[in-house]
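Student: The file below is input16.cif, mmCIF, C-alpha atoms:
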```
data_entry
#
loop_
_atom_site.label_atom_id
_atom_site.label_comp_id
_atom_site.auth_asym_id
_atom_site.auth_seq_id
_atom_site.Cartn_x
_atom_site.Cartn_y
_atom_site.Cartn_z
CA MET A 1 -1.23 19.89 -12.93
CA THR A 2 -3.49 22.47 -11.37
CA ARG A 3 -5.92 21.82 -8.55
CA ASP A 4 -8.79 22.09 -11.04
CA GLU A 5 -7.18 19.38 -13.16
CA PHE A 6 -6.74 17.26 -10.01
CA TRP A 7 -10.50 17.43 -9.37
CA ASP A 8 -11.20 16.79 -13.07
CA HIS A 9 -9.27 13.51 -12.87
CA ILE A 10 -11.27 12.44 -9.84
CA GLU A 11 -14.57 13.30 -11.52
CA SER A 12 -13.75 11.76 -14.90
CA SER A 13 -12.74 8.44 -13.35
CA LYS A 14 -15.72 8.22 -10.99
CA ARG A 15 -17.67 4.98 -10.87
CA SER A 16 -20.40 3.86 -8.49
CA ASP A 17 -18.12 1.08 -7.25
CA LEU A 18 -15.31 2.66 -5.22
CA ASP A 19 -12.73 0.01 -6.14
CA GLU A 20 -13.47 0.54 -9.84
CA HIS A 21 -13.16 4.29 -9.34
CA VAL A 22 -9.71 3.94 -7.75
CA GLU A 23 -8.57 1.45 -10.41
CA ARG A 24 -9.71 3.69 -13.24
CA LEU A 25 -8.17 6.77 -11.62
CA THR A 26 -4.85 4.97 -11.15
CA LYS A 27 -4.82 3.79 -14.78
CA GLN A 28 -5.71 7.27 -16.00
CA LEU A 29 -2.92 8.84 -13.96
CA ALA A 30 -0.36 6.23 -15.05
CA LYS A 31 -0.70 7.53 -18.63
CA LEU A 32 0.54 10.97 -17.54
CA PRO A 33 4.16 12.11 -17.29
CA PRO A 34 5.64 11.29 -13.85
CA ASP A 35 5.86 14.99 -12.94
CA GLU A 36 2.11 15.40 -13.42
CA ILE A 37 1.46 12.30 -11.33
CA ALA A 38 3.63 13.84 -8.61
CA ASP A 39 1.50 17.00 -8.87
CA PHE A 40 -1.62 14.89 -8.40
CA GLY A 41 0.02 13.31 -5.35
CA HIS A 42 0.66 16.78 -3.95
CA TRP A 43 -2.98 17.82 -4.37
CA TRP A 44 -4.16 14.48 -2.94
CA GLU A 45 -2.12 14.96 0.23
CA LEU A 46 -3.09 18.62 0.50
CA SER A 47 -6.78 17.70 0.31
CA LYS A 48 -6.36 15.07 3.00
CA ALA A 49 -4.50 17.61 5.17
CA GLU A 50 -7.33 20.14 4.75
CA ALA A 51 -9.78 17.49 5.95
CA TYR A 52 -7.69 16.68 9.04
CA ARG A 53 -10.25 18.20 11.38
CA TRP A 54 -12.06 17.03 14.49
CA ASP A 55 -15.51 17.74 13.07
CA LEU A 56 -14.82 15.52 10.07
CA TRP A 57 -13.35 12.84 12.32
CA GLY A 58 -16.61 12.96 14.27
CA ALA A 59 -18.54 12.53 11.03
CA ALA A 60 -16.34 9.58 10.04
CA TYR A 61 -16.80 8.05 13.51
CA THR A 62 -20.57 8.43 13.25
CA ILE A 63 -20.89 7.06 9.72
CA ASN A 64 -18.48 4.17 10.19
CA GLY A 65 -19.50 3.20 13.71
CA GLY A 66 -16.03 4.11 15.01
CA CYS A 67 -12.86 5.48 13.46
CA SER A 68 -9.21 4.88 14.36
CA ASP A 69 -6.26 7.02 13.21
CA ASP A 70 -5.78 4.77 10.17
CA GLY A 71 -9.53 4.70 9.62
CA PHE A 72 -9.57 8.50 9.52
CA THR A 73 -6.82 8.48 6.89
CA ASP A 74 -8.95 6.10 4.81
CA PHE A 75 -12.03 8.26 5.40
CA ARG A 76 -10.21 11.34 4.07
CA SER A 77 -9.19 9.39 0.96
CA TRP A 78 -12.82 8.34 0.52
CA LEU A 79 -13.97 11.93 1.02
CA THR A 80 -11.53 13.20 -1.61
CA LEU A 81 -12.81 10.57 -4.07
CA GLN A 82 -16.33 11.93 -3.65
CA GLY A 83 -15.25 14.91 -5.76
CA ARG A 84 -14.82 18.61 -5.30
CA ASP A 85 -18.45 19.52 -4.55
CA ALA A 86 -18.94 16.91 -1.84
CA PHE A 87 -15.47 17.59 -0.43
CA GLN A 88 -15.99 21.34 -0.18
CA ALA A 89 -19.50 20.89 1.22
CA ALA A 90 -18.09 18.60 3.94
CA LEU A 91 -15.39 21.15 4.80
CA ALA A 92 -18.08 23.83 5.11
CA ASN A 93 -20.44 21.57 7.08
CA PRO A 94 -19.58 17.93 7.86
CA ASP A 95 -23.27 17.18 8.42
CA SER A 96 -23.69 17.65 4.63
CA LEU A 97 -22.29 14.13 4.28
CA ALA A 98 -25.83 12.99 5.06
CA ASP A 99 -26.67 14.04 1.50
CA LEU A 100 -24.44 11.22 0.21
CA GLU A 101 -26.48 8.54 1.99
CA VAL A 102 -23.45 6.36 2.62
CA GLU A 103 -23.97 2.84 3.87
CA GLU A 104 -22.76 2.37 7.43
CA ASP A 105 -19.03 1.57 7.57
CA ALA A 106 -18.59 2.34 3.85
CA ALA A 107 -16.98 5.79 4.09
CA SER A 108 -13.46 4.43 3.83
CA CYS A 109 -10.92 3.77 1.13
CA GLU A 110 -7.36 2.63 1.69
CA CYS A 111 -5.92 3.72 -1.63
CA TYR A 112 -2.86 5.38 -3.10
CA PRO A 113 -3.71 6.28 -6.69
CA ALA A 114 -0.84 8.71 -7.30
CA THR A 115 1.80 6.45 -5.78
CA ARG A 116 0.64 3.37 -7.68
CA ALA A 117 0.35 5.35 -10.93
CA TRP A 118 3.83 6.84 -10.47
CA PHE A 119 5.30 3.36 -9.93
CA LYS A 120 3.65 2.18 -13.17
CA ALA A 121 4.74 5.23 -15.14
CA THR A 122 8.34 5.19 -13.95
CA GLY A 123 8.89 1.46 -13.64
CA ILE A 124 10.16 2.04 -10.10
CA LYS A 125 8.84 -0.61 -7.74
CA ASP A 126 7.63 0.24 -4.24
CA ASP A 127 10.18 2.99 -3.55
CA TYR A 128 7.96 5.33 -1.58
CA ASP A 129 10.88 7.57 -0.69
CA ALA A 130 11.54 8.16 -4.41
CA PHE A 131 7.88 9.04 -4.98
CA HIS A 132 7.82 11.48 -2.05
CA ALA A 133 11.10 13.01 -3.26
CA ALA A 134 9.52 13.53 -6.70
CA VAL A 135 6.52 15.26 -5.12
CA GLU A 136 8.72 17.46 -2.91
CA ALA A 137 10.95 18.38 -5.86
CA ARG A 138 7.91 19.92 -7.55
CA HIS A 139 6.20 21.17 -4.38
CA PRO A 140 8.79 21.89 -1.68
CA PRO A 141 7.36 21.85 1.83
CA THR A 142 6.58 25.24 3.33
CA GLN A 143 7.01 26.24 6.95
CA GLU A 144 3.23 26.06 7.30
CA SER A 145 3.00 22.54 5.87
CA LEU A 146 5.90 21.37 8.03
CA ALA A 147 4.31 22.90 11.13
CA ARG A 148 0.94 21.33 10.29
CA GLY A 149 2.52 17.90 10.05
CA GLU A 150 -0.73 16.22 11.08
CA VAL A 151 0.23 16.44 14.73
CA GLU A 152 -3.34 17.07 15.80
CA PRO A 153 -6.52 17.74 13.83
CA THR A 154 -7.75 21.30 13.71
CA GLY A 155 -10.90 22.49 15.40
CA GLU A 156 -12.55 21.43 18.62
CA ASN A 157 -12.38 17.83 19.78
CA TRP A 158 -15.27 16.10 21.54
CA ASP A 159 -16.14 12.66 22.83
CA PHE A 160 -17.47 10.92 19.72
CA ASP A 161 -19.17 8.32 21.95
CA ASP A 162 -21.27 11.09 23.52
CA CYS A 163 -24.41 10.60 21.43
CA GLU A 164 -26.06 13.80 22.67
CA GLU A 165 -23.03 15.88 21.69
CA THR A 166 -22.89 14.16 18.32
CA ARG A 167 -26.60 14.85 17.80
CA ARG A 168 -25.97 18.52 18.59
CA ARG A 169 -22.99 18.83 16.25
CA LEU A 170 -24.10 16.49 13.44
CA PRO A 171 -27.90 16.22 13.68
CA ARG A 172 -28.53 14.76 10.22
CA LEU A 173 -25.75 12.19 10.44
CA ALA A 174 -26.82 11.27 13.97
CA ALA A 175 -30.38 10.71 12.77
CA MET A 176 -29.12 8.44 10.00
CA TYR A 177 -26.51 6.43 11.90
CA LEU A 178 -27.20 6.70 15.63
CA ASP A 179 -30.97 6.58 15.70
CA ARG A 180 -31.48 3.43 13.61
CA ASP A 181 -33.09 0.27 14.92
#
```
Kindly transcribe the structure held in the file into structure tokens.

Tutor:
Amino acid sequence: MTRDEFWDHIESSKRSDLDEHVERLTKQLAKLPPDEIADFGHWWELSKAEAYRWDLWGAAYTINGGCSDDGFTDFRSWLTLQGRDAFQAALANPDSLADLEVEEDAASCECYPATRAWFKATGIKDDYDAFHAAVEARHPPTQESLARGEVEPTGENWDFDDCEETRRRLPRLAAMYLDRD
């Protein structure tokens, strides 16, 4: 599966309800050969790794009224589910997320579509090591990916509770989520 096909699966399964989107995506993927599901899993994780950045964490913090480590993982899943255009726009400028007009605390999705689909397709139950081994067999880790390892987000960190700094860095999101009342 190519990266274009990865994005096509996300777009073709899209629904306005996020849970329905994830369910449909998982069912769609489960119909594919396990190797293709593993490819999807690779692209899913790569997208989340690309979004592992302080500026996007600040956007998640602003939209969701706070954002823990786990919350940022769920935000990056949500961001990926928004599709290629929204994802790339957010990478170029996190303040573009204001265009999505997300309800406060709704930019989050704890979901594992590739893993769940792979379990269905293979009949293997909850063996996450087997799934990760299948992904790595098709996409061996590189030195760069091993070094990245999500030790620390890229970019410049700032105090997300500093409203003035957030307004400077993310003016549109700040206007939407900090200046309400």

Student: Could you work out how far atom CA of A:Ala133 lies from atom CA of A:Trp118, giving the answer in Å with one decimal?

Tutor: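 Straight-line distance from atom CA of A:Trp118 to atom CA of A:Ala133 works out to 12.0 Å.
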
Student: Given all atoms listed in the file as the basis, pick out the residue of A:Ser16, A:Thr154, A:Thr115, A:Ser47 nearest to A:Gln88.

Tutor: A:Ser47

Student: Out of A:Glu50, A:Glu23, A:Asp161, A:Glu5, which residue has the shortest atom-to-atom distance to A:Ile37 when counting all atoms listed in the file?

Tutor: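 Among A:Glu50, A:Glu23, A:Asp161, A:Glu5, it is A:Glu5 that comes nearest to A:Ile37.
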
Student: Would you please work out which residue, of A:Arg76, A:Glu20, A:Arg172, A:Ala114, is nearest to A:Asp95 when using only C-alpha atoms?

Tutor: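 Of all the options, A:Arg172 lies closest to A:Asp95.
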
Student: Tell me, in Å to one decimal, how far atom CA of A:Arg116 is from atom CA of A:Glu11.

Tutor: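 Between these atoms lies a distance of 18.6 Å.
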
Student: Tell me, as a PyMOL selection string, which residues lie within 6 Å of stretch 54-67 of chain A, counting only C-alpha atoms; anything in the same chain fewer than 4 positions away does not count.

Tutor: chain A and resi 71-72+94+104-105+153+155+157+160

Student: Counting all atoms listed in the file, find residues at most 12 Å from (-5.4, 8.0, -14.3) (file frame) and give them as a PyMOL selection string.

Tutor: chain A and resi 5-14+20-34+36-37+40-41+112-118+120-121

Student: So that I can check the surroundings of A:Cys109, please list as a list in words every protein, DNA and RNA residue that reaches within 10 Å of it, counting only C-alpha atoms and ignoring chain neighbours fewer than 4 positions away.

Tutor: Leu18, Asp19, Val22, Gly71, Phe72, Thr73, Asp74, Phe75, Arg76, Ser77, Trp78, Leu79, Thr80 and Leu81 of chain A

Student: Determine the nearest neighbour of A:Thr2 from the options A:His42, A:Asp17, A:Arg169, A:His132, counting all atoms listed in the file.

Tutor: A:His42

Student: Find the distance between atom CA of A:Ala51 and atom CA of A:Met176 and write it in Å to one decimal.

Tutor: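 Value for the atom CA of A:Ala51-atom CA of A:Met176 distance: 21.7 Å.
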
Student: Any idea what's packed within 12 Å of A:Glu164, counting only C-alpha atoms, ignoring anything in its chain fewer than 5 positions away? Could you give it as a PyMOL selection string?

Tutor: chain A and resi 158-159+169-171+174-175+178-179

Student: Could you check which of A:Tyr128, A:Phe87, A:Phe119, A:Tyr177 is closest to A:Lys48, using all atoms listed in the file?

Tutor: A:Phe87

Student: I'd like to know which of A:Ala134, A:Asp35, A:Arg15, A:Asp129 is closest to A:Gln82, using all atoms listed in the file.

Tutor: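 The answer is A:Arg15, which sits nearest to A:Gln82.
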
Student: Skip A:Leu97 itself and residues of its chain fewer than 3 positions away, then list as a ChimeraX atom specification all residues within 8 Å of it, counting only C-alpha atoms.

Tutor: /A:59,86,89-90,94,100-101,173
